[in-house]
$ cat structure.cif   # mmCIF, C-alpha atoms and all ligand atoms
data_target
loop_
_atom_site.group_PDB
_atom_site.id
_atom_site.type_symbol
_atom_site.label_atom_id
_atom_site.label_comp_id
_atom_site.auth_asym_id
_atom_site.auth_seq_id
_atom_site.Cartn_x
_atom_site.Cartn_y
_atom_site.Cartn_z
ATOM 1 C CA MET A 1 -13.899 -67.506 84.990
ATOM 2 C CA VAL A 2 -11.842 -64.376 84.456
ATOM 3 C CA ASP A 3 -12.647 -61.213 86.436
ATOM 4 C CA ALA A 4 -13.579 -58.891 83.558
ATOM 5 C CA ASP A 5 -12.777 -55.674 85.378
ATOM 6 C CA SER A 6 -9.219 -56.520 86.375
ATOM 7 C CA PHE A 7 -8.667 -58.327 83.071
ATOM 8 C CA ILE A 8 -9.369 -55.059 81.239
ATOM 9 C CA ASP A 9 -6.887 -53.105 83.388
ATOM 10 C CA ASP A 10 -4.176 -55.715 82.838
ATOM 11 C CA ALA A 11 -4.825 -55.999 79.098
ATOM 12 C CA VAL A 12 -4.713 -52.226 78.606
ATOM 13 C CA GLU A 13 -1.404 -52.032 80.437
ATOM 14 C CA GLU A 14 0.032 -54.941 78.448
ATOM 15 C CA ILE A 15 -0.933 -53.332 75.124
ATOM 16 C CA ARG A 16 0.538 -49.973 76.187
ATOM 17 C CA ASP A 17 3.800 -51.646 77.200
ATOM 18 C CA ALA A 18 4.004 -53.633 73.968
ATOM 19 C CA VAL A 19 3.230 -50.816 71.513
ATOM 20 C CA GLY A 20 4.800 -47.860 73.344
ATOM 21 C CA ASP A 21 4.860 -44.771 71.076
ATOM 22 C CA GLU A 22 4.512 -46.785 67.872
ATOM 23 C CA HIS A 23 1.443 -47.474 65.712
ATOM 24 C CA ALA A 24 -0.733 -50.589 65.629
ATOM 25 C CA ILE A 25 -3.428 -51.914 63.313
ATOM 26 C CA ILE A 26 -6.293 -54.359 63.814
ATOM 27 C CA ALA A 27 -8.732 -56.043 61.427
ATOM 28 C CA LEU A 28 -12.263 -55.680 62.803
ATOM 29 C CA SER A 29 -14.486 -58.499 61.571
ATOM 30 C CA GLY A 30 -17.787 -57.578 63.219
ATOM 31 C CA GLY A 31 -17.455 -60.501 65.640
ATOM 32 C CA VAL A 32 -17.107 -60.212 69.385
ATOM 33 C CA ASP A 33 -13.427 -61.286 69.566
ATOM 34 C CA SER A 34 -11.931 -58.640 67.293
ATOM 35 C CA SER A 35 -14.376 -56.040 68.657
ATOM 36 C CA VAL A 36 -13.125 -56.647 72.199
ATOM 37 C CA ALA A 37 -9.469 -56.654 71.096
ATOM 38 C CA ALA A 38 -10.020 -53.350 69.256
ATOM 39 C CA ALA A 39 -11.855 -51.730 72.159
ATOM 40 C CA LEU A 40 -9.051 -52.752 74.558
ATOM 41 C CA ALA A 41 -6.338 -51.545 72.200
ATOM 42 C CA TYR A 42 -8.083 -48.236 71.593
ATOM 43 C CA ARG A 43 -8.439 -47.732 75.334
ATOM 44 C CA ALA A 44 -4.708 -48.404 75.661
ATOM 45 C CA ILE A 45 -3.256 -46.384 72.788
ATOM 46 C CA GLY A 46 -6.081 -44.255 71.303
ATOM 47 C CA ASP A 47 -5.453 -43.039 67.769
ATOM 48 C CA GLN A 48 -2.108 -44.820 67.607
ATOM 49 C CA LEU A 49 -4.435 -47.713 66.655
ATOM 50 C CA THR A 50 -5.890 -47.986 63.150
ATOM 51 C CA PRO A 51 -8.918 -50.296 63.209
ATOM 52 C CA VAL A 52 -9.688 -51.581 59.698
ATOM 53 C CA TYR A 53 -13.020 -53.087 58.758
ATOM 54 C CA VAL A 54 -13.181 -54.639 55.297
ATOM 55 C CA ASP A 55 -16.707 -54.894 53.919
ATOM 56 C CA THR A 56 -16.311 -57.989 51.759
ATOM 57 C CA GLY A 57 -19.940 -57.837 50.627
ATOM 58 C CA LEU A 58 -20.312 -61.199 52.405
ATOM 59 C CA MET A 59 -21.324 -59.792 55.786
ATOM 60 C CA ARG A 60 -24.600 -60.062 57.669
ATOM 61 C CA GLU A 61 -27.458 -57.625 57.224
ATOM 62 C CA GLY A 62 -26.667 -54.251 58.755
ATOM 63 C CA GLU A 63 -23.220 -55.387 59.938
ATOM 64 C CA THR A 64 -21.220 -52.636 58.237
ATOM 65 C CA ALA A 65 -23.544 -49.903 59.516
ATOM 66 C CA GLN A 66 -23.350 -51.465 62.979
ATOM 67 C CA ILE A 67 -19.553 -51.384 62.949
ATOM 68 C CA ARG A 68 -19.484 -47.759 61.773
ATOM 69 C CA ASP A 69 -21.868 -46.867 64.554
ATOM 70 C CA THR A 70 -20.309 -48.865 67.414
ATOM 71 C CA PHE A 71 -16.779 -47.720 66.655
ATOM 72 C CA SER A 72 -17.596 -44.190 65.524
ATOM 73 C CA TYR A 73 -15.752 -42.920 68.622
ATOM 74 C CA MET A 74 -12.502 -44.170 67.083
ATOM 75 C CA ASP A 75 -11.405 -41.336 64.772
ATOM 76 C CA SER A 76 -8.877 -43.599 63.091
ATOM 77 C CA LEU A 77 -11.473 -46.237 61.964
ATOM 78 C CA GLN A 78 -11.025 -47.203 58.296
ATOM 79 C CA VAL A 79 -13.937 -48.844 56.485
ATOM 80 C CA VAL A 80 -12.869 -50.450 53.207
ATOM 81 C CA GLU A 81 -15.654 -50.972 50.644
ATOM 82 C CA GLY A 82 -14.418 -54.180 49.029
ATOM 83 C CA GLU A 83 -17.600 -55.861 47.760
ATOM 84 C CA ASP A 84 -16.949 -55.453 44.025
ATOM 85 C CA ARG A 85 -13.364 -56.665 44.284
ATOM 86 C CA PHE A 86 -14.366 -59.735 46.337
ATOM 87 C CA LEU A 87 -17.182 -60.644 43.945
ATOM 88 C CA ASP A 88 -14.834 -60.202 40.950
ATOM 89 C CA ALA A 89 -12.202 -62.414 42.564
ATOM 90 C CA LEU A 90 -14.839 -65.077 43.325
ATOM 91 C CA ALA A 91 -16.431 -65.109 39.855
ATOM 92 C CA GLY A 92 -16.445 -68.631 38.431
ATOM 93 C CA VAL A 93 -15.005 -70.214 41.611
ATOM 94 C CA THR A 94 -17.143 -73.155 42.768
ATOM 95 C CA ASP A 95 -14.866 -75.349 44.890
ATOM 96 C CA PRO A 96 -15.433 -74.658 48.634
ATOM 97 C CA GLU A 97 -11.758 -74.681 49.587
ATOM 98 C CA GLU A 98 -10.833 -72.551 46.579
ATOM 99 C CA LYS A 99 -13.521 -70.034 47.635
ATOM 100 C CA ARG A 100 -11.973 -69.805 51.119
ATOM 101 C CA LYS A 101 -8.506 -69.361 49.607
ATOM 102 C CA VAL A 102 -9.613 -66.601 47.208
ATOM 103 C CA ILE A 103 -11.362 -64.721 50.044
ATOM 104 C CA GLY A 104 -8.354 -65.099 52.367
ATOM 105 C CA GLU A 105 -5.957 -63.800 49.703
ATOM 106 C CA GLN A 106 -8.189 -60.887 48.742
ATOM 107 C CA PHE A 107 -8.575 -59.999 52.409
ATOM 108 C CA ILE A 108 -4.826 -59.950 52.893
ATOM 109 C CA ARG A 109 -4.436 -57.711 49.824
ATOM 110 C CA GLU A 110 -6.991 -55.217 51.158
ATOM 111 C CA PHE A 111 -5.559 -55.214 54.657
ATOM 112 C CA GLU A 112 -1.944 -55.016 53.500
ATOM 113 C CA ARG A 113 -2.709 -51.777 51.655
ATOM 114 C CA GLU A 114 -4.145 -50.234 54.837
ATOM 115 C CA ALA A 115 -1.305 -51.542 56.984
ATOM 116 C CA LYS A 116 1.319 -49.962 54.722
ATOM 117 C CA ALA A 117 -0.599 -46.655 54.591
ATOM 118 C CA SER A 118 -0.916 -46.534 58.392
ATOM 119 C CA ASP A 119 2.760 -47.268 58.938
ATOM 120 C CA ALA A 120 1.813 -49.690 61.731
ATOM 121 C CA GLN A 121 4.620 -51.605 63.421
ATOM 122 C CA TYR A 122 2.288 -53.782 65.487
ATOM 123 C CA LEU A 123 -0.583 -56.065 64.551
ATOM 124 C CA VAL A 124 -3.328 -56.538 67.157
ATOM 125 C CA GLN A 125 -5.387 -59.713 66.745
ATOM 126 C CA GLY A 126 -8.562 -61.021 68.403
ATOM 127 C CA THR A 127 -7.293 -64.586 68.618
ATOM 128 C CA ILE A 128 -8.952 -66.456 71.516
ATOM 129 C CA TYR A 129 -7.829 -69.623 73.273
ATOM 130 C CA PRO A 130 -9.877 -72.128 71.184
ATOM 131 C CA ASP A 131 -8.531 -70.488 67.966
ATOM 132 C CA ARG A 132 -5.003 -71.325 69.033
ATOM 133 C CA ILE A 133 -6.006 -74.954 69.485
ATOM 134 C CA GLU A 134 -7.958 -75.047 66.221
ATOM 135 C CA SER A 135 -5.274 -73.261 64.241
ATOM 136 C CA GLU A 136 -3.615 -76.626 63.657
ATOM 137 C CA GLY A 137 -6.651 -77.479 61.524
ATOM 138 C CA ASN A 138 -6.300 -74.057 59.861
ATOM 139 C CA ILE A 139 -10.051 -73.378 60.221
ATOM 140 C CA LYS A 140 -9.822 -69.776 61.264
ATOM 141 C CA SER A 141 -6.990 -68.566 59.076
ATOM 142 C CA HIS A 142 -9.055 -65.882 57.374
ATOM 143 C CA HIS A 143 -10.784 -64.764 60.527
ATOM 144 C CA ASN A 144 -7.520 -64.115 62.284
ATOM 145 C CA VAL A 145 -5.804 -62.726 59.210
ATOM 146 C CA GLY A 146 -3.252 -65.502 59.270
ATOM 147 C CA GLY A 147 -0.600 -64.841 56.664
ATOM 148 C CA LEU A 148 -0.495 -61.095 57.303
ATOM 149 C CA PRO A 149 2.602 -61.180 59.432
ATOM 150 C CA ASP A 150 4.332 -62.703 56.398
ATOM 151 C CA VAL A 151 3.429 -59.960 53.920
ATOM 152 C CA VAL A 152 3.793 -56.961 56.218
ATOM 153 C CA ASP A 153 6.919 -56.685 58.271
ATOM 154 C CA PHE A 154 5.424 -56.123 61.738
ATOM 155 C CA GLU A 155 7.687 -55.649 64.722
ATOM 156 C CA GLY A 156 5.276 -57.606 66.901
ATOM 157 C CA ILE A 157 1.854 -59.172 67.277
ATOM 158 C CA VAL A 158 -0.343 -58.352 70.273
ATOM 159 C CA GLU A 159 -3.151 -60.761 71.183
ATOM 160 C CA PRO A 160 -4.889 -59.361 74.275
ATOM 161 C CA VAL A 161 -7.644 -62.014 74.514
ATOM 162 C CA ARG A 162 -5.457 -65.012 73.628
ATOM 163 C CA ASP A 163 -6.133 -66.846 76.918
ATOM 164 C CA LEU A 164 -9.909 -66.333 77.011
ATOM 165 C CA TYR A 165 -12.779 -68.640 76.072
ATOM 166 C CA LYS A 166 -15.733 -67.256 74.134
ATOM 167 C CA ASP A 167 -17.970 -66.792 77.184
ATOM 168 C CA GLU A 168 -15.170 -64.870 78.918
ATOM 169 C CA VAL A 169 -14.741 -62.620 75.867
ATOM 170 C CA ARG A 170 -18.485 -61.920 76.031
ATOM 171 C CA ASP A 171 -18.111 -60.979 79.732
ATOM 172 C CA VAL A 172 -15.319 -58.556 78.879
ATOM 173 C CA ALA A 173 -17.418 -57.139 75.993
ATOM 174 C CA ARG A 174 -20.276 -56.407 78.417
ATOM 175 C CA GLU A 175 -17.870 -54.839 80.918
ATOM 176 C CA LEU A 176 -16.449 -52.654 78.123
ATOM 177 C CA GLY A 177 -19.996 -51.495 77.340
ATOM 178 C CA LEU A 178 -20.154 -52.919 73.792
ATOM 179 C CA GLU A 179 -23.749 -53.211 72.529
ATOM 180 C CA GLU A 180 -25.615 -56.480 72.976
ATOM 181 C CA ILE A 181 -25.727 -57.033 69.232
ATOM 182 C CA ILE A 182 -21.937 -57.440 69.406
ATOM 183 C CA SER A 183 -21.434 -59.033 72.827
ATOM 184 C CA GLU A 184 -24.175 -61.667 72.309
ATOM 185 C CA ARG A 185 -23.881 -62.204 68.539
ATOM 186 C CA MET A 186 -23.745 -65.783 67.294
ATOM 187 C CA PRO A 187 -20.559 -67.039 65.654
ATOM 188 C CA PHE A 188 -20.153 -66.194 61.962
ATOM 189 C CA PRO A 189 -17.621 -67.861 59.663
ATOM 190 C CA GLY A 190 -14.631 -65.811 58.461
ATOM 191 C CA PRO A 191 -15.515 -66.319 54.746
ATOM 192 C CA GLY A 192 -18.983 -65.002 55.586
ATOM 193 C CA LEU A 193 -21.981 -65.671 53.376
ATOM 194 C CA ALA A 194 -19.730 -67.247 50.728
ATOM 195 C CA VAL A 195 -19.980 -70.560 52.632
ATOM 196 C CA ARG A 196 -23.772 -70.118 52.858
ATOM 197 C CA VAL A 197 -24.289 -70.228 49.089
ATOM 198 C CA ILE A 198 -23.456 -73.509 47.435
ATOM 199 C CA GLY A 199 -21.346 -73.225 44.296
ATOM 200 C CA GLU A 200 -20.423 -69.946 42.626
ATOM 201 C CA VAL A 201 -20.817 -66.789 44.718
ATOM 202 C CA THR A 202 -23.046 -64.296 42.901
ATOM 203 C CA LYS A 203 -24.510 -61.050 44.165
ATOM 204 C CA GLU A 204 -28.060 -62.407 43.794
ATOM 205 C CA LYS A 205 -27.363 -65.564 45.828
ATOM 206 C CA VAL A 206 -25.542 -63.585 48.526
ATOM 207 C CA GLU A 207 -28.457 -61.160 48.802
ATOM 208 C CA VAL A 208 -30.935 -64.035 49.220
ATOM 209 C CA ALA A 209 -28.669 -65.668 51.834
ATOM 210 C CA ARG A 210 -28.244 -62.361 53.711
ATOM 211 C CA ALA A 211 -31.980 -61.569 53.817
ATOM 212 C CA SER A 212 -32.830 -65.164 54.779
ATOM 213 C CA CYS A 213 -30.163 -65.306 57.524
ATOM 214 C CA HIS A 214 -31.628 -62.127 58.963
ATOM 215 C CA VAL A 215 -35.121 -63.665 59.121
ATOM 216 C CA VAL A 216 -33.789 -66.845 60.746
ATOM 217 C CA GLU A 217 -31.693 -64.980 63.358
ATOM 218 C CA ASP A 218 -34.692 -62.818 64.150
ATOM 219 C CA GLU A 219 -37.195 -65.674 64.504
ATOM 220 C CA VAL A 220 -34.958 -68.206 66.275
ATOM 221 C CA GLU A 221 -33.179 -65.890 68.719
ATOM 222 C CA LYS A 222 -35.661 -66.638 71.530
ATOM 223 C CA HIS A 223 -34.840 -70.362 71.285
ATOM 224 C CA ASP A 224 -31.237 -69.508 72.169
ATOM 225 C CA PRO A 225 -29.391 -71.540 69.513
ATOM 226 C CA TRP A 226 -25.592 -71.725 69.302
ATOM 227 C CA GLN A 227 -25.973 -70.730 65.661
ATOM 228 C CA ALA A 228 -28.972 -70.240 63.364
ATOM 229 C CA PHE A 229 -28.831 -69.198 59.738
ATOM 230 C CA ALA A 230 -29.992 -69.876 56.194
ATOM 231 C CA ALA A 231 -28.129 -71.034 53.099
ATOM 232 C CA VAL A 232 -28.929 -70.997 49.385
ATOM 233 C CA ILE A 233 -28.525 -74.618 48.336
ATOM 234 C CA GLY A 234 -29.850 -74.808 44.757
ATOM 235 C CA LYS A 235 -32.824 -74.168 42.528
ATOM 236 C CA GLY A 236 -36.254 -75.784 42.322
ATOM 237 C CA THR A 237 -39.719 -75.254 40.949
ATOM 238 C CA GLY A 238 -42.389 -73.263 42.753
ATOM 239 C CA VAL A 239 -45.621 -71.415 42.066
ATOM 240 C CA LYS A 240 -45.854 -67.675 42.596
ATOM 241 C CA GLY A 241 -49.195 -66.101 41.708
ATOM 242 C CA ASP A 242 -50.328 -67.920 38.573
ATOM 243 C CA ASN A 243 -46.823 -68.717 37.384
ATOM 244 C CA ARG A 244 -44.503 -71.634 37.778
ATOM 245 C CA VAL A 245 -41.075 -70.291 38.716
ATOM 246 C CA HIS A 246 -37.612 -71.778 38.928
ATOM 247 C CA GLY A 247 -36.464 -70.211 42.175
ATOM 248 C CA TRP A 248 -33.870 -70.638 44.911
ATOM 249 C CA ILE A 249 -34.107 -73.343 47.553
ATOM 250 C CA VAL A 250 -33.177 -71.945 50.964
ATOM 251 C CA ALA A 251 -32.128 -74.300 53.758
ATOM 252 C CA VAL A 252 -32.672 -73.206 57.355
ATOM 253 C CA ARG A 253 -30.312 -74.473 60.036
ATOM 254 C CA SER A 254 -30.457 -73.982 63.791
ATOM 255 C CA VAL A 255 -28.111 -75.913 66.050
ATOM 256 C CA GLU A 256 -27.247 -76.348 69.693
ATOM 257 C CA SER A 257 -23.579 -76.795 70.522
ATOM 258 C CA ARG A 258 -20.997 -76.101 73.213
ATOM 259 C CA ASP A 259 -18.013 -75.389 71.023
ATOM 260 C CA GLY A 260 -19.006 -75.973 67.387
ATOM 261 C CA MET A 261 -17.069 -79.240 67.246
ATOM 262 C CA THR A 262 -20.281 -81.285 67.478
ATOM 263 C CA ALA A 263 -23.818 -79.959 67.193
ATOM 264 C CA ARG A 264 -27.460 -81.021 67.402
ATOM 265 C CA ALA A 265 -30.153 -79.783 65.054
ATOM 266 C CA GLN A 266 -32.676 -77.863 67.159
ATOM 267 C CA GLU A 267 -36.258 -79.075 67.476
ATOM 268 C CA LEU A 268 -38.020 -75.829 66.572
ATOM 269 C CA PRO A 269 -41.780 -75.360 66.902
ATOM 270 C CA TRP A 270 -43.742 -75.872 63.671
ATOM 271 C CA GLU A 271 -45.174 -72.322 63.941
ATOM 272 C CA THR A 272 -41.661 -70.846 64.065
ATOM 273 C CA LEU A 273 -40.622 -72.849 61.006
ATOM 274 C CA GLN A 274 -43.768 -71.806 59.129
ATOM 275 C CA ARG A 275 -43.226 -68.151 60.020
ATOM 276 C CA ILE A 276 -39.641 -68.367 58.734
ATOM 277 C CA GLN A 277 -40.861 -70.010 55.511
ATOM 278 C CA SER A 278 -43.557 -67.431 54.996
ATOM 279 C CA ARG A 279 -41.236 -64.464 55.608
ATOM 280 C CA ILE A 280 -38.415 -65.793 53.408
ATOM 281 C CA THR A 281 -40.655 -66.647 50.437
ATOM 282 C CA GLY A 282 -42.711 -63.477 50.957
ATOM 283 C CA GLU A 283 -39.745 -61.105 51.171
ATOM 284 C CA ASN A 284 -37.705 -62.736 48.363
ATOM 285 C CA GLU A 285 -39.651 -63.214 45.156
ATOM 286 C CA ASN A 286 -36.899 -65.429 43.699
ATOM 287 C CA VAL A 287 -37.149 -68.039 46.511
ATOM 288 C CA ALA A 288 -39.380 -70.993 45.624
ATOM 289 C CA ARG A 289 -38.860 -73.289 48.574
ATOM 290 C CA VAL A 290 -37.633 -73.368 52.184
ATOM 291 C CA VAL A 291 -36.428 -76.576 53.858
ATOM 292 C CA TYR A 292 -35.324 -77.293 57.451
ATOM 293 C CA ASP A 293 -32.084 -79.176 58.053
ATOM 294 C CA VAL A 294 -32.508 -81.887 60.736
ATOM 295 C CA THR A 295 -28.956 -83.267 60.479
ATOM 296 C CA HIS A 296 -26.664 -83.265 63.507
ATOM 297 C CA LYS A 297 -22.867 -82.729 63.358
ATOM 298 C CA PRO A 298 -21.585 -85.328 62.677
ATOM 299 C CA PRO A 299 -22.402 -86.460 60.034
ATOM 300 C CA ALA A 300 -23.041 -82.937 58.627
ATOM 301 C CA THR A 301 -20.936 -79.879 59.382
ATOM 302 C CA ILE A 302 -22.651 -76.766 60.738
ATOM 303 C CA GLU A 303 -22.021 -74.661 57.611
ATOM 304 C CA TYR A 304 -22.866 -75.930 54.125
ATOM 305 C CA GLU A 305 -19.373 -75.662 52.664
HETATM 306 P P1 LIG B 401 -18.388 -76.381 60.640
HETATM 307 O O1 LIG B 401 -19.137 -75.932 59.427
HETATM 308 O O2 LIG B 401 -16.976 -76.796 60.340
HETATM 309 O O3 LIG B 401 -18.270 -75.097 61.575
HETATM 310 O O4 LIG B 401 -19.113 -77.431 61.438
HETATM 311 C C1 LIG B 401 -17.871 -75.073 62.924
HETATM 312 C C2 LIG B 401 -17.852 -73.632 63.387
HETATM 313 O O5 LIG B 401 -16.825 -72.892 62.693
HETATM 314 C C3 LIG B 401 -17.387 -71.857 61.883
HETATM 315 N N1 LIG B 401 -16.666 -71.894 60.596
HETATM 316 C C4 LIG B 401 -15.678 -71.059 60.264
HETATM 317 N N2 LIG B 401 -15.128 -70.034 60.941
HETATM 318 N N3 LIG B 401 -13.656 -69.635 59.122
HETATM 319 C C5 LIG B 401 -14.143 -69.311 60.351
HETATM 320 O O6 LIG B 401 -13.664 -68.348 60.951
HETATM 321 C C6 LIG B 401 -14.156 -70.662 58.381
HETATM 322 O O7 LIG B 401 -13.715 -70.908 57.262
HETATM 323 C C7 LIG B 401 -15.221 -71.398 58.993
HETATM 324 N N4 LIG B 401 -15.957 -72.461 58.580
HETATM 325 C C8 LIG B 401 -16.828 -72.752 59.581
HETATM 326 C C9 LIG B 401 -18.864 -72.194 61.748
HETATM 327 O O8 LIG B 401 -19.660 -71.027 61.513
HETATM 328 C C10 LIG B 401 -19.154 -72.867 63.073
HETATM 329 O O9 LIG B 401 -19.373 -71.913 64.104
#
$ encode --input "structure.cif" --output "structure tokens"
Amino acid sequence: MVDADSFIDDAVEEIRDAVGDEHAIIALSGGVDSSVAAALAYRAIGDQLTPVYVDTGLMREGETAQIRDTFSYMDSLQVVEGEDRFLDALAGVTDPEEKRKVIGEQFIREFEREAKASDAQYLVQGTIYPDRIESEGNIKSHHNVGGLPDVVDFEGIVEPVRDLYKDEVRDVARELGLEEIISERMPFPGPGLAVRVIGEVTKEKVEVARASCHVVEDEVEKHDPWQAFAAVIGKGTGVKGDNRVHGWIVAVRSVESRDGMTARAQELPWETLQRIQSRITGENENVARVVYDVTHKPPATIEYE
């Protein structure tokens, strides 16, 4: 296990040496890895760093406000409101891989504009050790803004947490004083809620997924899952008041895992499941049905797409 205190000193020095008097840019995703990389880089070079957070409209509830708040001490923070452009780009796209590609390309477009405006010569990334292993499978290409070095001519890439595992990054986050909501937050896929709505991404489906994910995170947190969330998986019939409705079917998933490669569906108490059902159908009038996913990985994946 890395000693967080001396790691921070070494990382700050390494970033300072690498960037010197030049400018650097980092894409903040809301996750712990890029948050730690940004906090280290800001400590090293201050406003020579431009942290860029792109609100894709596919983020978790309150995530954008959280980022603004946590990183408000960085005067150079840029928050890009991209929701409309992402939803436009995704209109009519139903294939899961095509969705990922469209989001990745749109992200690069948004970030490229900021990178050129900031005149950054260096790209800081929150790549961690397992990402480097997984990058062969290309899973995290959006998350780590893969492809950016090709469109913007950076002088160098700085990856201060490249040798750390997730639990070590969380240790460093705590040592840096980042809030618990960031240091302890469960993993979230780079393409965000787009992979938690099956088929075309629409604003309505994303809003149902976001509100439902919030309920699930809130109710399941005390059972300490690796990941717990909800997904909009289709439509079905229900009864609301005196009316039959054709509403959304929301699937709830909560899994235990060590590294995300394999996972076990969690055996949640019936009362917890009922409370989740009651909150999701109560707070979202267009949800007709809530189901619990009992499938392990394999044969299922953790996410729905
Ligand atoms: P799956 O669904 O493949 O997920 O069992 C394993 C872990 O990876 C996350 N995940 C992603 N992360 N970009 C990411 O950065 C992606 O496209 C992506 N797809 C899945 C997932 O949330 C889980 O933690």
$ axis_aligned_box --input "structure.cif" --around "stretch 278-293 of chain A" --padding-each-side "8 Å" --output "JSON"
{"center_x": -37.8, "center_y": -70.1, "center_z": 50.9, "size_x": 27.5, "size_y": 34.1, "size_z": 30.4}
$ resolve_selection --input "structure.cif" --expression "the PyMOL selection byres (((chain A and resi 82) around 10) and not hetatm)" --output "list in words"
Tyr53, Val54, Asp55, Thr56, Gly57, Leu58, Val79, Val80, Glu81, Glu83, Asp84, Arg85, Phe86, Leu87, Gln106, Phe107 and Glu110 of chain A
$ resolve_selection --input "structure.cif" --expression "the PyMOL selection byres (((chain A and resi 263-271) around 9) and not hetatm)" --output "compact mmCIF listing (two decimals) with C-alpha atoms, in the coordinates of the input"
# COMPACT_ATOMS: atom_id res chain seq x y z
CA VAL A 220 -34.96 -68.21 66.28
CA HIS A 223 -34.84 -70.36 71.28
CA PRO A 225 -29.39 -71.54 69.51
CA TRP A 226 -25.59 -71.72 69.30
CA ARG A 253 -30.31 -74.47 60.04
CA SER A 254 -30.46 -73.98 63.79
CA VAL A 255 -28.11 -75.91 66.05
CA GLU A 256 -27.25 -76.35 69.69
CA SER A 257 -23.58 -76.80 70.52
CA ARG A 258 -21.00 -76.10 73.21
CA ASP A 259 -18.01 -75.39 71.02
CA GLY A 260 -19.01 -75.97 67.39
CA MET A 261 -17.07 -79.24 67.25
CA THR A 262 -20.28 -81.28 67.48
CA THR A 272 -41.66 -70.85 64.06
CA LEU A 273 -40.62 -72.85 61.01
CA GLN A 274 -43.77 -71.81 59.13
CA ARG A 275 -43.23 -68.15 60.02
CA ILE A 276 -39.64 -68.37 58.73
CA ASP A 293 -32.08 -79.18 58.05
CA VAL A 294 -32.51 -81.89 60.74
CA THR A 295 -28.96 -83.27 60.48
CA HIS A 296 -26.66 -83.26 63.51
CA LYS A 297 -22.87 -82.73 63.36
CA PRO A 298 -21.58 -85.33 62.68
CA THR A 301 -20.94 -79.88 59.38
CA ILE A 302 -22.65 -76.77 60.74
$ atom_distance --input "structure.cif" --atom1 "atom CA of A:Glu159" --atom2 "atom CA of A:Asp131"
11.6 Å
$ atom_distance --input "structure.cif" --atom1 "atom CA of A:Arg68" --atom2 "atom CA of A:Val2"
29.1 Å
$ residues_around --input "structure.cif" --residues "A:Leu178" --least-positions-apart "6" --cutoff "10 Å" --atoms "all atoms listed in the file" --output "list in words"
Val32, Ser35, Val36, Ala39, Thr70, Phe71, Arg170, Val172 and Glu184 of chain A
$ resolve_selection --input "structure.cif" --expression "the PyMOL selection byres (((chain A and resi 198) around 12) and not hetatm)" --output "number ranges by chain"
A: 93-97, 99, 193-197, 199-202, 205-206, 209, 230-235, 248-251, 303-305
$ decode --input "structure.cif" --residues "stretch 202-218 of chain A" --atoms "C-alpha atoms" --output "mmCIF file, in the first residue's frame"
data_model
loop_
_atom_site.group_PDB
_atom_site.id
_atom_site.type_symbol
_atom_site.label_atom_id
_atom_site.label_comp_id
_atom_site.auth_asym_id
_atom_site.auth_seq_id
_atom_site.Cartn_x
_atom_site.Cartn_y
_atom_site.Cartn_z
ATOM 1 C CA THR A 202 -33.802 10.541 -24.734
ATOM 2 C CA LYS A 203 -34.007 13.252 -22.110
ATOM 3 C CA GLU A 204 -37.020 11.566 -20.479
ATOM 4 C CA LYS A 205 -35.295 8.174 -20.153
ATOM 5 C CA VAL A 206 -32.103 9.774 -18.826
ATOM 6 C CA GLU A 207 -34.083 11.708 -16.219
ATOM 7 C CA VAL A 208 -35.821 8.521 -15.034
ATOM 8 C CA ALA A 209 -32.467 6.687 -14.902
ATOM 9 C CA ARG A 210 -30.825 9.569 -12.995
ATOM 10 C CA ALA A 211 -33.602 9.849 -10.384
ATOM 11 C CA SER A 212 -33.765 6.056 -9.987
ATOM 12 C CA CYS A 213 -29.968 5.694 -9.657
ATOM 13 C CA HIS A 214 -30.063 8.304 -6.919
ATOM 14 C CA VAL A 215 -32.701 6.342 -4.974
ATOM 15 C CA VAL A 216 -30.751 3.089 -5.355
ATOM 16 C CA GLU A 217 -27.406 4.631 -4.291
ATOM 17 C CA ASP A 218 -29.130 6.194 -1.312
#
